[in-house]
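Please read the structure below before turning to the comments.
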Amino acid sequence: MKKIYLDYAATSPVDSLVLKTMSPYGSQFYGNPNSLHSWGQKAREAVEKSRQIIAKYLNCLSEEIIFTSCATEANNLALKGVVKAWKEKNLKLSPHIIVSPIEHHCVLDTAKRLAKEGVEVSWLKVDKTGLVDPKQVEKLIKKNTILVSVMDGNNEVGTIEPIKEIGKIIKNKKGKGIYPLFHTDAVQAIQYLSLDTKKLKVDLLSASAHKFYGPKGIGFLYLKKGTPIVKEIEGGSQENNLRAGTENVSFIVGMAKALDLVRKNKDKEVKRLEFLRDYFIKKILKNIPQTQLTGHPKARLPHIASFVFLGAEGEAILLYLNDKGIGVSSGSACTSGSLKPSHVLLAMRIKPEIAHGSIRFSFGKKTTRFDLDYVLKVLPGIIKKIRKMAPKLKIGK
Amino acid sequence: MSLYSQKVLRHFRHPQNMGEMKNPDSKVQVGNPVCGDVMQMYLKIDKNKNGKEYIKDIKFQTLGCAAAIAVSSISTELVKGETLVEAEKLNSQKVIKSLEGLPKPKIHCSLLAIKAIKKAILNYKSRTIEKAKAK
Ligand SMILES: Cc1ncc(COP(=O)(O)O)c(C=O)c1O
Ligand code: FES
């Protein structure tokens, strides 16, 4: 059977060139980059060269890149570390942070944890397309606001947030000071959007290699020089004394290689995926009745096409598609483990019974129009079959 | 997400007793407050040769996940042909066992089909009592 992977927003295959670049750093150049001998130096060289490649991509200094085990760790470090640094210096004024409600769980739950620990958290609102209004950020900033966290592009519905505008507002509020800091989770956006840290005016930015054809279990945090932060993982003084633990040399090398490959092909790939995405969205909406696009119609990541199919449950759609060799994901309550519909869809004021039928298709470098045509051929039948199984209900818009 | 047993997948792919029923003796709808699943159950009741009422035919319609669909399918299979007294004994353990297990977060799905069947029987009984009174 034909196999069509359309879940690149969940993870992507490691590029074969990336694997090749990584492979000597297993048993050939195995030194600890923190050792002073030649073995160690060889590894250190590789780590620092990788750091440079990533820094160049983001238009920042090498020393501003901190390697972490993944974006989840980077996001935890960003939020908790900034709060801790403030608390250590400002015993009287308790900190306030502003967070968007459509963040990935690793930001969302970290913010909730901080709230439990006494940090004042303001949750932004998004509109029906998932957009944050920069003016709202402006209104919420107070004297004790130390951090604003808004993702670049949403992983479930693909909406691209106005990071540049928010960055400008925060920059103005800062004046000559450091606070509020601006953090963005760029996990989905990094390989497609222009992420010049100078232009975006962000202080912290997180990413994960496995979303851009690098290995799983490696990521980084961009941390603007001079940003007060306290490390989460205690131990050695690695990573500018901000993340203890021996660096994962081969994965770091792989991540840098993957990002470099992405950079070389970026403009072309963005155009190609945008074309495929728009083609697919148009056809789906035309061929399957009672279907809505979720997320913003224009300001959306090139690789994400997400829908709700009214009167059909997402997990059932996902599994029937899987039977046809197609891999997708769903934000339906039934697929979530917690049995709650996706917080992203709820924040966009999509009713739970509508969120029930959510499906995300996400594309990548192996996706072709041929693949999408196959999905377009089998999906209407699947939706029809599932709807036929269901009682006739009135599902409101 | 835990994985489904082969049996669950089989019932999900080929649900038994699925669809609408014309002129049912009982029809009920139940909803799952946990995840938003909705299920409709239809019964056709007759008397067997011992004069006991039994489920002659049963049909379901479910808007829900693979577990909910598989559970609907197996539960209707289990009670079809049973007397009302027997059918009312259906329980979660029996359904789960017949499906060769269900992932933990999905166990609540199994309760829904059982609830639907019991409610449909109850609904039938109260209607026959009313009819008897009317006579
Ligand atoms: C937007 C976003 N942030 C963070 C993460 C977490 O990445 P990782 O699991 O690699 O830590 C993901 C991945 O699912 C994501 O999509
Ligand atoms: S119907 Fe939603 S988890 Fe079962």
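Scheme for the structure tokens: letters A, B, ... for chains in order shown; per-chain residue numbers from 1; ligand numbers from 1 in order shown.
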Tell me, as a VMD selection string, which residues lie within 12 Å of Ile386 of chain A, counting only C-alpha atoms; anything in the same chain fewer than 6 positions away does not count.
(chain A and resid 309 to 321 357 379 to 380 392) or (chain B and resid 12 to 15 18 to 19 61 to 66 69)
Residue selection dump (N, CA and C atoms) as a JSON list (two decimals), in the first residue's frame:
```json
[["chain", "number", "residue", "atom", "x", "y", "z"],
["A", 309, "PHE", "N", -14.39, 18.73, 10.43],
["A", 309, "PHE", "CA", -15.43, 18.07, 9.64],
["A", 309, "PHE", "C", -16.61, 17.86, 10.57],
["A", 310, "LEU", "N", -17.66, 18.65, 10.36],
["A", 310, "LEU", "CA", -18.78, 18.59, 11.29],
["A", 310, "LEU", "C", -19.46, 17.22, 11.24],
["A", 311, "GLY", "N", -19.83, 16.73, 12.42],
["A", 311, "GLY", "CA", -20.53, 15.46, 12.48],
["A", 311, "GLY", "C", -19.66, 14.25, 12.21],
["A", 312, "ALA", "N", -18.36, 14.41, 12.32],
["A", 312, "ALA", "CA", -17.45, 13.26, 12.20],
["A", 312, "ALA", "C", -16.39, 13.43, 13.29],
["A", 313, "GLU", "N", -16.03, 12.35, 13.94],
["A", 313, "GLU", "CA", -15.08, 12.44, 15.04],
["A", 313, "GLU", "C", -13.65, 12.26, 14.53],
["A", 314, "GLY", "N", -12.73, 13.08, 15.06],
["A", 314, "GLY", "CA", -11.37, 13.13, 14.55],
["A", 314, "GLY", "C", -10.58, 11.84, 14.62],
["A", 315, "GLU", "N", -10.69, 11.14, 15.74],
["A", 315, "GLU", "CA", -9.90, 9.91, 15.87],
["A", 315, "GLU", "C", -10.35, 8.88, 14.85],
["A", 316, "ALA", "N", -11.65, 8.82, 14.63],
["A", 316, "ALA", "CA", -12.17, 7.87, 13.63],
["A", 316, "ALA", "C", -11.64, 8.23, 12.24],
["A", 317, "ILE", "N", -11.64, 9.51, 11.92],
["A", 317, "ILE", "CA", -11.10, 9.95, 10.62],
["A", 317, "ILE", "C", -9.63, 9.56, 10.52],
["A", 318, "LEU", "N", -8.89, 9.87, 11.58],
["A", 318, "LEU", "CA", -7.45, 9.58, 11.61],
["A", 318, "LEU", "C", -7.18, 8.09, 11.36],
["A", 319, "LEU", "N", -7.95, 7.24, 12.04],
["A", 319, "LEU", "CA", -7.68, 5.80, 11.92],
["A", 319, "LEU", "C", -8.11, 5.24, 10.56],
["A", 320, "TYR", "N", -9.22, 5.75, 10.03],
["A", 320, "TYR", "CA", -9.61, 5.30, 8.68],
["A", 320, "TYR", "C", -8.60, 5.78, 7.63],
["A", 321, "LEU", "N", -8.08, 6.99, 7.83],
["A", 321, "LEU", "CA", -7.03, 7.47, 6.91],
["A", 321, "LEU", "C", -5.79, 6.59, 7.04],
["A", 357, "GLY", "N", -14.37, 17.13, 15.49],
["A", 357, "GLY", "CA", -14.05, 16.65, 14.14],
["A", 357, "GLY", "C", -12.81, 17.29, 13.54],
["A", 379, "LEU", "N", -10.58, 10.75, 1.09],
["A", 379, "LEU", "CA", -11.17, 11.40, 2.28],
["A", 379, "LEU", "C", -12.69, 11.61, 2.21],
["A", 380, "PRO", "N", -13.22, 12.08, 1.08],
["A", 380, "PRO", "CA", -14.68, 12.29, 1.06],
["A", 380, "PRO", "C", -15.46, 11.03, 1.42],
["A", 392, "LYS", "N", -28.33, 11.45, 13.44],
["A", 392, "LYS", "CA", -28.52, 12.76, 12.81],
["A", 392, "LYS", "C", -28.70, 13.80, 13.90],
["B", 12, "PHE", "N", -14.22, -1.63, 14.71],
["B", 12, "PHE", "CA", -14.22, -0.24, 14.24],
["B", 12, "PHE", "C", -14.30, -0.21, 12.71],
["B", 13, "ARG", "N", -13.57, -1.11, 12.08],
["B", 13, "ARG", "CA", -13.57, -1.14, 10.62],
["B", 13, "ARG", "C", -14.86, -1.71, 10.05],
["B", 14, "HIS", "N", -15.38, -2.70, 10.75],
["B", 14, "HIS", "CA", -16.61, -3.34, 10.26],
["B", 14, "HIS", "C", -17.63, -3.40, 11.37],
["B", 15, "PRO", "N", -18.22, -2.27, 11.71],
["B", 15, "PRO", "CA", -19.18, -2.28, 12.82],
["B", 15, "PRO", "C", -20.41, -3.11, 12.50],
["B", 18, "MET", "N", -24.92, -1.57, 12.82],
["B", 18, "MET", "CA", -24.82, -0.13, 12.70],
["B", 18, "MET", "C", -25.88, 0.38, 11.74],
["B", 19, "GLY", "N", -26.53, 1.48, 12.11],
["B", 19, "GLY", "CA", -27.48, 2.12, 11.21],
["B", 19, "GLY", "C", -28.78, 2.50, 11.90],
["B", 61, "GLN", "N", -26.31, 4.05, 16.29],
["B", 61, "GLN", "CA", -25.58, 5.07, 15.53],
["B", 61, "GLN", "C", -24.71, 5.81, 16.53],
["B", 62, "THR", "N", -23.46, 5.99, 16.20],
["B", 62, "THR", "CA", -22.53, 6.60, 17.14],
["B", 62, "THR", "C", -21.69, 7.66, 16.45],
["B", 63, "LEU", "N", -21.61, 8.81, 17.12],
["B", 63, "LEU", "CA", -20.64, 9.82, 16.72],
["B", 63, "LEU", "C", -19.58, 9.81, 17.79],
["B", 64, "GLY", "N", -18.45, 9.18, 17.47],
["B", 64, "GLY", "CA", -17.42, 9.05, 18.49],
["B", 64, "GLY", "C", -16.19, 8.39, 17.93],
["B", 65, "CYS", "N", -15.25, 8.11, 18.83],
["B", 65, "CYS", "CA", -13.97, 7.59, 18.42],
["B", 65, "CYS", "C", -14.04, 6.10, 18.09],
["B", 66, "ALA", "N", -12.92, 5.55, 17.72],
["B", 66, "ALA", "CA", -12.85, 4.14, 17.35],
["B", 66, "ALA", "C", -13.34, 3.26, 18.50],
["B", 69, "ILE", "N", -17.14, 3.37, 18.75],
["B", 69, "ILE", "CA", -17.77, 2.62, 17.67],
["B", 69, "ILE", "C", -17.63, 1.12, 17.91]]
```
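Identified as lying at most 6 Å from ligand 1 when counting only C-alpha atoms and all ligand atoms are the residues Ala10, Cys70, Ala71, Thr72, His104, Asn154, Asn155, Asp185, Val187, Gln188 and Ser208 of chain A.
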Could you make a table, as JSON lines, of the residues of chain A that have an atom within 7 Å of an atom of ligand 2, each with its nearest atom pair and distance in Å to one decimal, counting only C-alpha atoms and all ligand atoms, in chain and number order?
```
{"residue": "A:Ala333", "atom": "CA", "partner": "ligand 2", "partner_atom_place_in_ligand_line": "2 (Fe)", "distance": 6.1}
{"residue": "A:Cys334", "atom": "CA", "partner": "ligand 2", "partner_atom_place_in_ligand_line": "3 (S)", "distance": 3.7}
{"residue": "A:Thr335", "atom": "CA", "partner": "ligand 2", "partner_atom_place_in_ligand_line": "3 (S)", "distance": 6.9}
{"residue": "A:Leu339", "atom": "CA", "partner": "ligand 2", "partner_atom_place_in_ligand_line": "3 (S)", "distance": 6.1}
```
I need the contact residues of chain B against chain A, so if you could list those with any atom within 12 Å, counting only C-alpha atoms, and return them as a VMD selection string, that would help.
chain B and resid 1 to 4 8 to 10 12 to 21 27 to 42 59 to 70 72 to 73 103 to 109
List the spatial neighbours of Val18 of chain A as a PDB file with all heavy atoms, in the first residue's frame - criterion: any atom at most 10 Å away, only C-alpha atoms, same-chain residues fewer than 6 positions off excluded.
```pdb
ATOM      1  N   TYR A 213      13.926  18.125  10.032  1.00  0.00           N
ATOM      2  CA  TYR A 213      14.722  17.038   9.458  1.00  0.00           C
ATOM      3  C   TYR A 213      16.016  16.767  10.214  1.00  0.00           C
ATOM      4  O   TYR A 213      16.970  16.208   9.679  1.00  0.00           O
ATOM      5  CB  TYR A 213      14.996  17.295   7.962  1.00  0.00           C
ATOM      6  CG  TYR A 213      13.748  17.699   7.233  1.00  0.00           C
ATOM      7  CD1 TYR A 213      13.544  19.025   6.820  1.00  0.00           C
ATOM      8  CD2 TYR A 213      12.733  16.778   6.992  1.00  0.00           C
ATOM      9  CE1 TYR A 213      12.373  19.403   6.187  1.00  0.00           C
ATOM     10  CE2 TYR A 213      11.562  17.146   6.354  1.00  0.00           C
ATOM     11  CZ  TYR A 213      11.385  18.464   5.951  1.00  0.00           C
ATOM     12  OH  TYR A 213      10.225  18.844   5.330  1.00  0.00           O
ATOM     13  N   GLY A 214      16.052  17.198  11.475  1.00  0.00           N
ATOM     14  CA  GLY A 214      17.166  16.857  12.355  1.00  0.00           C
ATOM     15  C   GLY A 214      16.723  15.763  13.308  1.00  0.00           C
ATOM     16  O   GLY A 214      15.582  15.292  13.245  1.00  0.00           O
ATOM     17  N   PRO A 215      17.614  15.359  14.222  1.00  0.00           N
ATOM     18  CA  PRO A 215      17.259  14.281  15.158  1.00  0.00           C
ATOM     19  C   PRO A 215      16.308  14.736  16.262  1.00  0.00           C
ATOM     20  O   PRO A 215      16.229  15.926  16.570  1.00  0.00           O
ATOM     21  CB  PRO A 215      18.605  13.877  15.755  1.00  0.00           C
ATOM     22  CG  PRO A 215      19.511  15.041  15.532  1.00  0.00           C
ATOM     23  CD  PRO A 215      19.010  15.784  14.332  1.00  0.00           C
ATOM     24  N   SER A 250      26.832  14.746  18.651  1.00  0.00           N
ATOM     25  CA  SER A 250      26.388  14.335  17.315  1.00  0.00           C
ATOM     26  C   SER A 250      25.018  14.929  16.982  1.00  0.00           C
ATOM     27  O   SER A 250      24.763  15.308  15.848  1.00  0.00           O
ATOM     28  CB  SER A 250      26.370  12.807  17.206  1.00  0.00           C
ATOM     29  OG  SER A 250      25.325  12.278  17.974  1.00  0.00           O
ATOM     30  N   PHE A 251      24.165  15.057  17.971  1.00  0.00           N
ATOM     31  CA  PHE A 251      22.842  15.630  17.699  1.00  0.00           C
ATOM     32  C   PHE A 251      22.940  17.129  17.415  1.00  0.00           C
ATOM     33  O   PHE A 251      22.203  17.663  16.598  1.00  0.00           O
ATOM     34  CB  PHE A 251      21.896  15.375  18.876  1.00  0.00           C
ATOM     35  CG  PHE A 251      21.316  13.988  18.899  1.00  0.00           C
ATOM     36  CD1 PHE A 251      22.068  12.892  18.508  1.00  0.00           C
ATOM     37  CD2 PHE A 251      20.007  13.779  19.296  1.00  0.00           C
ATOM     38  CE1 PHE A 251      21.538  11.609  18.519  1.00  0.00           C
ATOM     39  CE2 PHE A 251      19.459  12.502  19.307  1.00  0.00           C
ATOM     40  CZ  PHE A 251      20.229  11.413  18.923  1.00  0.00           C
ATOM     41  N   VAL A 253      25.518  18.591  16.052  1.00  0.00           N
ATOM     42  CA  VAL A 253      26.045  18.658  14.687  1.00  0.00           C
ATOM     43  C   VAL A 253      24.908  18.408  13.683  1.00  0.00           C
ATOM     44  O   VAL A 253      24.770  19.114  12.682  1.00  0.00           O
ATOM     45  CB  VAL A 253      27.181  17.620  14.501  1.00  0.00           C
ATOM     46  CG1 VAL A 253      27.548  17.432  13.040  1.00  0.00           C
ATOM     47  CG2 VAL A 253      28.398  18.034  15.313  1.00  0.00           C
ATOM     48  N   GLY A 254      24.074  17.434  13.988  1.00  0.00           N
ATOM     49  CA  GLY A 254      22.957  17.108  13.097  1.00  0.00           C
ATOM     50  C   GLY A 254      21.952  18.237  13.002  1.00  0.00           C
ATOM     51  O   GLY A 254      21.451  18.554  11.926  1.00  0.00           O
ATOM     52  N   MET A 255      21.679  18.866  14.122  1.00  0.00           N
ATOM     53  CA  MET A 255      20.709  19.966  14.127  1.00  0.00           C
ATOM     54  C   MET A 255      21.203  21.126  13.257  1.00  0.00           C
ATOM     55  O   MET A 255      20.447  21.689  12.459  1.00  0.00           O
ATOM     56  CB  MET A 255      20.468  20.453  15.562  1.00  0.00           C
ATOM     57  CG  MET A 255      19.613  21.706  15.661  1.00  0.00           C
ATOM     58  SD  MET A 255      18.874  21.935  17.298  1.00  0.00           S
ATOM     59  CE  MET A 255      20.323  22.270  18.299  1.00  0.00           C
ATOM     60  N   ALA A 256      22.501  21.451  13.406  1.00  0.00           N
ATOM     61  CA  ALA A 256      23.055  22.560  12.624  1.00  0.00           C
ATOM     62  C   ALA A 256      23.043  22.223  11.139  1.00  0.00           C
ATOM     63  O   ALA A 256      22.683  23.063  10.302  1.00  0.00           O
ATOM     64  CB  ALA A 256      24.480  22.865  13.089  1.00  0.00           C
ATOM     65  N   LYS A 257      23.389  21.001  10.832  1.00  0.00           N
ATOM     66  CA  LYS A 257      23.391  20.584   9.427  1.00  0.00           C
ATOM     67  C   LYS A 257      21.964  20.674   8.858  1.00  0.00           C
ATOM     68  O   LYS A 257      21.755  21.168   7.741  1.00  0.00           O
ATOM     69  CB  LYS A 257      23.923  19.150   9.315  1.00  0.00           C
ATOM     70  CG  LYS A 257      23.989  18.608   7.896  1.00  0.00           C
ATOM     71  CD  LYS A 257      25.068  19.306   7.092  1.00  0.00           C
ATOM     72  CE  LYS A 257      25.088  18.832   5.647  1.00  0.00           C
ATOM     73  NZ  LYS A 257      26.074  19.584   4.837  1.00  0.00           N
ATOM     74  N   ALA A 258      21.020  20.202   9.625  1.00  0.00           N
ATOM     75  CA  ALA A 258      19.626  20.224   9.164  1.00  0.00           C
ATOM     76  C   ALA A 258      19.164  21.655   8.903  1.00  0.00           C
ATOM     77  O   ALA A 258      18.522  21.947   7.890  1.00  0.00           O
ATOM     78  CB  ALA A 258      18.722  19.555  10.201  1.00  0.00           C
ATOM     79  N   LEU A 259      19.510  22.552   9.800  1.00  0.00           N
ATOM     80  CA  LEU A 259      19.086  23.944   9.627  1.00  0.00           C
ATOM     81  C   LEU A 259      19.773  24.568   8.414  1.00  0.00           C
ATOM     82  O   LEU A 259      19.174  25.354   7.676  1.00  0.00           O
ATOM     83  CB  LEU A 259      19.395  24.751  10.897  1.00  0.00           C
ATOM     84  CG  LEU A 259      18.667  26.084  11.018  1.00  0.00           C
ATOM     85  CD1 LEU A 259      17.154  25.881  11.020  1.00  0.00           C
ATOM     86  CD2 LEU A 259      19.085  26.837  12.276  1.00  0.00           C
ATOM     87  N   ASP A 260      21.019  24.182   8.216  1.00  0.00           N
ATOM     88  CA  ASP A 260      21.745  24.708   7.065  1.00  0.00           C
ATOM     89  C   ASP A 260      21.125  24.236   5.753  1.00  0.00           C
ATOM     90  O   ASP A 260      21.006  24.999   4.789  1.00  0.00           O
ATOM     91  CB  ASP A 260      23.214  24.271   7.151  1.00  0.00           C
ATOM     92  CG  ASP A 260      24.122  25.240   6.414  1.00  0.00           C
ATOM     93  OD1 ASP A 260      23.843  26.455   6.496  1.00  0.00           O
ATOM     94  OD2 ASP A 260      25.068  24.781   5.755  1.00  0.00           O
ATOM     95  N   LEU A 261      20.717  22.980   5.727  1.00  0.00           N
ATOM     96  CA  LEU A 261      20.069  22.445   4.522  1.00  0.00           C
ATOM     97  C   LEU A 261      18.736  23.157   4.277  1.00  0.00           C
ATOM     98  O   LEU A 261      18.387  23.478   3.136  1.00  0.00           O
ATOM     99  CB  LEU A 261      19.842  20.938   4.665  1.00  0.00           C
ATOM    100  CG  LEU A 261      21.095  20.065   4.629  1.00  0.00           C
ATOM    101  CD1 LEU A 261      20.747  18.619   4.959  1.00  0.00           C
ATOM    102  CD2 LEU A 261      21.791  20.155   3.275  1.00  0.00           C
TER     103      LEU A 261
END
```
May I have all residues of segment 182-217 of chain A that DSSP, computed from the backbone, assigns to helix (DSSP H, G or I), given as a PyMOL selection string?
chain A and resi 197-200+209-212
Export of the given selection (N, CA, C and O atoms) as an mmCIF file, in the first residue's frame:
```
data_model
loop_
_atom_site.group_PDB
_atom_site.id
_atom_site.type_symbol
_atom_site.label_atom_id
_atom_site.label_comp_id
_atom_site.auth_asym_id
_atom_site.auth_seq_id
_atom_site.Cartn_x
_atom_site.Cartn_y
_atom_site.Cartn_z
ATOM 1 N N THR A 197 16.568 37.675 14.491
ATOM 2 C CA THR A 197 16.287 38.086 15.872
ATOM 3 C C THR A 197 16.377 39.603 16.047
ATOM 4 O O THR A 197 15.740 40.160 16.929
ATOM 5 N N LYS A 198 17.162 40.244 15.195
ATOM 6 C CA LYS A 198 17.283 41.705 15.297
ATOM 7 C C LYS A 198 16.000 42.368 14.818
ATOM 8 O O LYS A 198 15.507 43.313 15.413
ATOM 9 N N LYS A 199 15.474 41.857 13.737
ATOM 10 C CA LYS A 199 14.252 42.465 13.193
ATOM 11 C C LYS A 199 13.035 42.128 14.043
ATOM 12 O O LYS A 199 12.122 42.933 14.177
ATOM 13 N N LEU A 200 13.020 40.916 14.581
ATOM 14 C CA LEU A 200 11.857 40.505 15.374
ATOM 15 C C LEU A 200 11.872 41.116 16.773
ATOM 16 O O LEU A 200 10.860 41.149 17.450
ATOM 17 N N ALA A 209 15.053 20.361 16.775
ATOM 18 C CA ALA A 209 15.624 19.919 15.497
ATOM 19 C C ALA A 209 14.725 18.963 14.715
ATOM 20 O O ALA A 209 14.725 18.970 13.488
ATOM 21 N N HIS A 210 13.950 18.138 15.436
ATOM 22 C CA HIS A 210 13.231 17.083 14.711
ATOM 23 C C HIS A 210 12.090 17.602 13.845
ATOM 24 O O HIS A 210 11.516 16.852 13.057
ATOM 25 N N LYS A 211 11.764 18.879 13.981
ATOM 26 C CA LYS A 211 10.720 19.432 13.125
ATOM 27 C C LYS A 211 11.307 19.868 11.786
ATOM 28 O O LYS A 211 10.581 20.136 10.856
ATOM 29 N N PHE A 212 12.623 19.995 11.717
ATOM 30 C CA PHE A 212 13.236 20.391 10.437
ATOM 31 C C PHE A 212 14.287 19.382 9.956
ATOM 32 O O PHE A 212 15.362 19.726 9.548
#
```
Determine the nearest neighbour of Glu274 of chain A from the options A:Thr367, A:Thr291, A:Ser194, A:Asn322, counting only C-alpha atoms.
A:Thr367
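When the distance limit is 8 Å and only C-alpha atoms are what count, the residues near segment 275-283 of chain A, minus those fewer than 3 positions from it on the same chain, are Lys271, Arg272, Lys286, Asn287, Leu293, Pro302, His303, Ile304, Ala305, Phe363, Thr368, Arg369, Leu372 and Leu376 of chain A.
The spacing separating atom CA of Leu204 of chain A from atom CA of Val249 of chain A amounts to 22.7 Å.
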Do a neighbour search on Asn91 of chain B at 8 Å with only C-alpha atoms, toss out local chain neighbours closer than 2 positions, and write the hits as number ranges by chain.
B: 89, 93-95, 111, 114
Suppose you want the space between atom CA of Glu64 of chain A and atom CA of Pro228 of chain A; what is it in Å?
12.4 Å
Who sits within 6 Å of Tyr124 of chain B, only C-alpha atoms, same chain under 3 positions skipped, as an mmCIF file with C-alpha atoms, in the first residue's frame:
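As written to disk, around.cif reads:
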```
data_model
loop_
_atom_site.group_PDB
_atom_site.id
_atom_site.type_symbol
_atom_site.label_atom_id
_atom_site.label_comp_id
_atom_site.auth_asym_id
_atom_site.auth_seq_id
_atom_site.Cartn_x
_atom_site.Cartn_y
_atom_site.Cartn_z
ATOM 1 C CA SER B 26 -37.525 1.804 21.657
ATOM 2 C CA ILE B 121 -34.767 -1.276 27.635
ATOM 3 C CA ARG B 127 -43.802 2.550 27.454
#
```
Which of segment 334-391 of chain A counts as strand (DSSP E or B) under DSSP, as a list in words please?
Ser358, Ile359, Arg360, Phe361 and Ser362 of chain A
Convert the current residue selection to file output with all heavy atoms, as a PDB file, in the first residue's frame.
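Dumped everything to out.pdb:
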```
ATOM      1  N   SER A 358     -11.833  17.620  14.392  1.00  0.00           N
ATOM      2  CA  SER A 358     -10.669  18.342  13.862  1.00  0.00           C
ATOM      3  C   SER A 358      -9.592  17.395  13.344  1.00  0.00           C
ATOM      4  O   SER A 358      -9.301  16.355  13.937  1.00  0.00           O
ATOM      5  CB  SER A 358     -10.086  19.254  14.938  1.00  0.00           C
ATOM      6  OG  SER A 358      -9.153  18.548  15.716  1.00  0.00           O
ATOM      7  N   ILE A 359      -9.023  17.793  12.203  1.00  0.00           N
ATOM      8  CA  ILE A 359      -7.926  17.030  11.605  1.00  0.00           C
ATOM      9  C   ILE A 359      -6.877  18.008  11.086  1.00  0.00           C
ATOM     10  O   ILE A 359      -7.202  19.013  10.475  1.00  0.00           O
ATOM     11  CB  ILE A 359      -8.429  16.162  10.425  1.00  0.00           C
ATOM     12  CG1 ILE A 359      -9.278  14.989  10.929  1.00  0.00           C
ATOM     13  CG2 ILE A 359      -7.267  15.626   9.584  1.00  0.00           C
ATOM     14  CD1 ILE A 359      -8.515  13.849  11.588  1.00  0.00           C
ATOM     15  N   ARG A 360      -5.612  17.681  11.371  1.00  0.00           N
ATOM     16  CA  ARG A 360      -4.519  18.497  10.848  1.00  0.00           C
ATOM     17  C   ARG A 360      -3.701  17.695   9.838  1.00  0.00           C
ATOM     18  O   ARG A 360      -3.242  16.594  10.145  1.00  0.00           O
ATOM     19  CB  ARG A 360      -3.594  18.948  11.984  1.00  0.00           C
ATOM     20  CG  ARG A 360      -2.358  19.689  11.478  1.00  0.00           C
ATOM     21  CD  ARG A 360      -1.355  19.926  12.579  1.00  0.00           C
ATOM     22  NE  ARG A 360      -0.664  18.696  12.965  1.00  0.00           N
ATOM     23  CZ  ARG A 360       0.187  18.608  13.974  1.00  0.00           C
ATOM     24  NH1 ARG A 360       0.433  19.666  14.733  1.00  0.00           N
ATOM     25  NH2 ARG A 360       0.778  17.465  14.255  1.00  0.00           N
ATOM     26  N   PHE A 361      -3.547  18.260   8.670  1.00  0.00           N
ATOM     27  CA  PHE A 361      -2.632  17.712   7.672  1.00  0.00           C
ATOM     28  C   PHE A 361      -1.410  18.622   7.688  1.00  0.00           C
ATOM     29  O   PHE A 361      -1.547  19.832   7.606  1.00  0.00           O
ATOM     30  CB  PHE A 361      -3.255  17.766   6.276  1.00  0.00           C
ATOM     31  CG  PHE A 361      -4.552  17.001   6.150  1.00  0.00           C
ATOM     32  CD1 PHE A 361      -5.770  17.605   6.450  1.00  0.00           C
ATOM     33  CD2 PHE A 361      -4.555  15.679   5.727  1.00  0.00           C
ATOM     34  CE1 PHE A 361      -6.968  16.907   6.335  1.00  0.00           C
ATOM     35  CE2 PHE A 361      -5.751  14.976   5.608  1.00  0.00           C
ATOM     36  CZ  PHE A 361      -6.954  15.593   5.912  1.00  0.00           C
ATOM     37  N   SER A 362      -0.220  18.057   7.804  1.00  0.00           N
ATOM     38  CA  SER A 362       0.955  18.930   7.722  1.00  0.00           C
ATOM     39  C   SER A 362       1.965  18.327   6.756  1.00  0.00           C
ATOM     40  O   SER A 362       2.204  17.131   6.740  1.00  0.00           O
ATOM     41  CB  SER A 362       1.546  19.175   9.104  1.00  0.00           C
ATOM     42  OG  SER A 362       1.763  17.970   9.794  1.00  0.00           O
TER      43      SER A 362
END
```
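Going from atom CA of Ser94 of chain A to atom CA of Phe220 of chain A covers 28.2 Å.
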Val85 of chain B: which residues within 10 Å, counting only C-alpha atoms, same-chain residues fewer than 2 positions away excluded, as a PyMOL selection string?
chain B and resi 52-54+82-83+87-90+121
Limited to N, CA and C atoms, could you put the picked residues into a file as an mmCIF file, in the first residue's frame?
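result-v1.cif was written with the following content:
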```cif
data_model
loop_
_atom_site.group_PDB
_atom_site.id
_atom_site.type_symbol
_atom_site.label_atom_id
_atom_site.label_comp_id
_atom_site.auth_asym_id
_atom_site.auth_seq_id
_atom_site.Cartn_x
_atom_site.Cartn_y
_atom_site.Cartn_z
ATOM 1 N N LYS B 52 -41.040 -14.995 26.913
ATOM 2 C CA LYS B 52 -40.207 -13.934 27.502
ATOM 3 C C LYS B 52 -39.835 -12.915 26.438
ATOM 4 N N GLU B 53 -39.811 -11.678 26.849
ATOM 5 C CA GLU B 53 -39.436 -10.625 25.909
ATOM 6 C C GLU B 53 -37.932 -10.662 25.639
ATOM 7 N N TYR B 54 -37.572 -10.566 24.371
ATOM 8 C CA TYR B 54 -36.141 -10.567 24.046
ATOM 9 C C TYR B 54 -35.848 -9.541 22.934
ATOM 10 N N GLU B 82 -30.804 -11.826 23.223
ATOM 11 C CA GLU B 82 -30.944 -12.088 24.654
ATOM 12 C C GLU B 82 -32.297 -11.585 25.158
ATOM 13 N N THR B 83 -32.763 -12.208 26.231
ATOM 14 C CA THR B 83 -33.984 -11.677 26.861
ATOM 15 C C THR B 83 -33.632 -10.357 27.526
ATOM 16 N N ALA B 87 -30.096 -9.163 28.994
ATOM 17 C CA ALA B 87 -29.431 -8.005 28.393
ATOM 18 C C ALA B 87 -29.108 -6.947 29.437
ATOM 19 N N GLU B 88 -29.988 -6.846 30.423
ATOM 20 C CA GLU B 88 -29.760 -5.824 31.445
ATOM 21 C C GLU B 88 -28.555 -6.140 32.328
ATOM 22 N N LYS B 89 -28.050 -7.362 32.208
ATOM 23 C CA LYS B 89 -26.874 -7.736 33.018
ATOM 24 C C LYS B 89 -25.555 -7.339 32.361
ATOM 25 N N LEU B 90 -25.651 -6.808 31.149
ATOM 26 C CA LEU B 90 -24.421 -6.428 30.445
ATOM 27 C C LEU B 90 -23.618 -5.447 31.297
ATOM 28 N N ILE B 121 -33.904 -0.242 27.049
ATOM 29 C CA ILE B 121 -34.767 -1.276 27.635
ATOM 30 C C ILE B 121 -35.753 -0.650 28.624
#
```
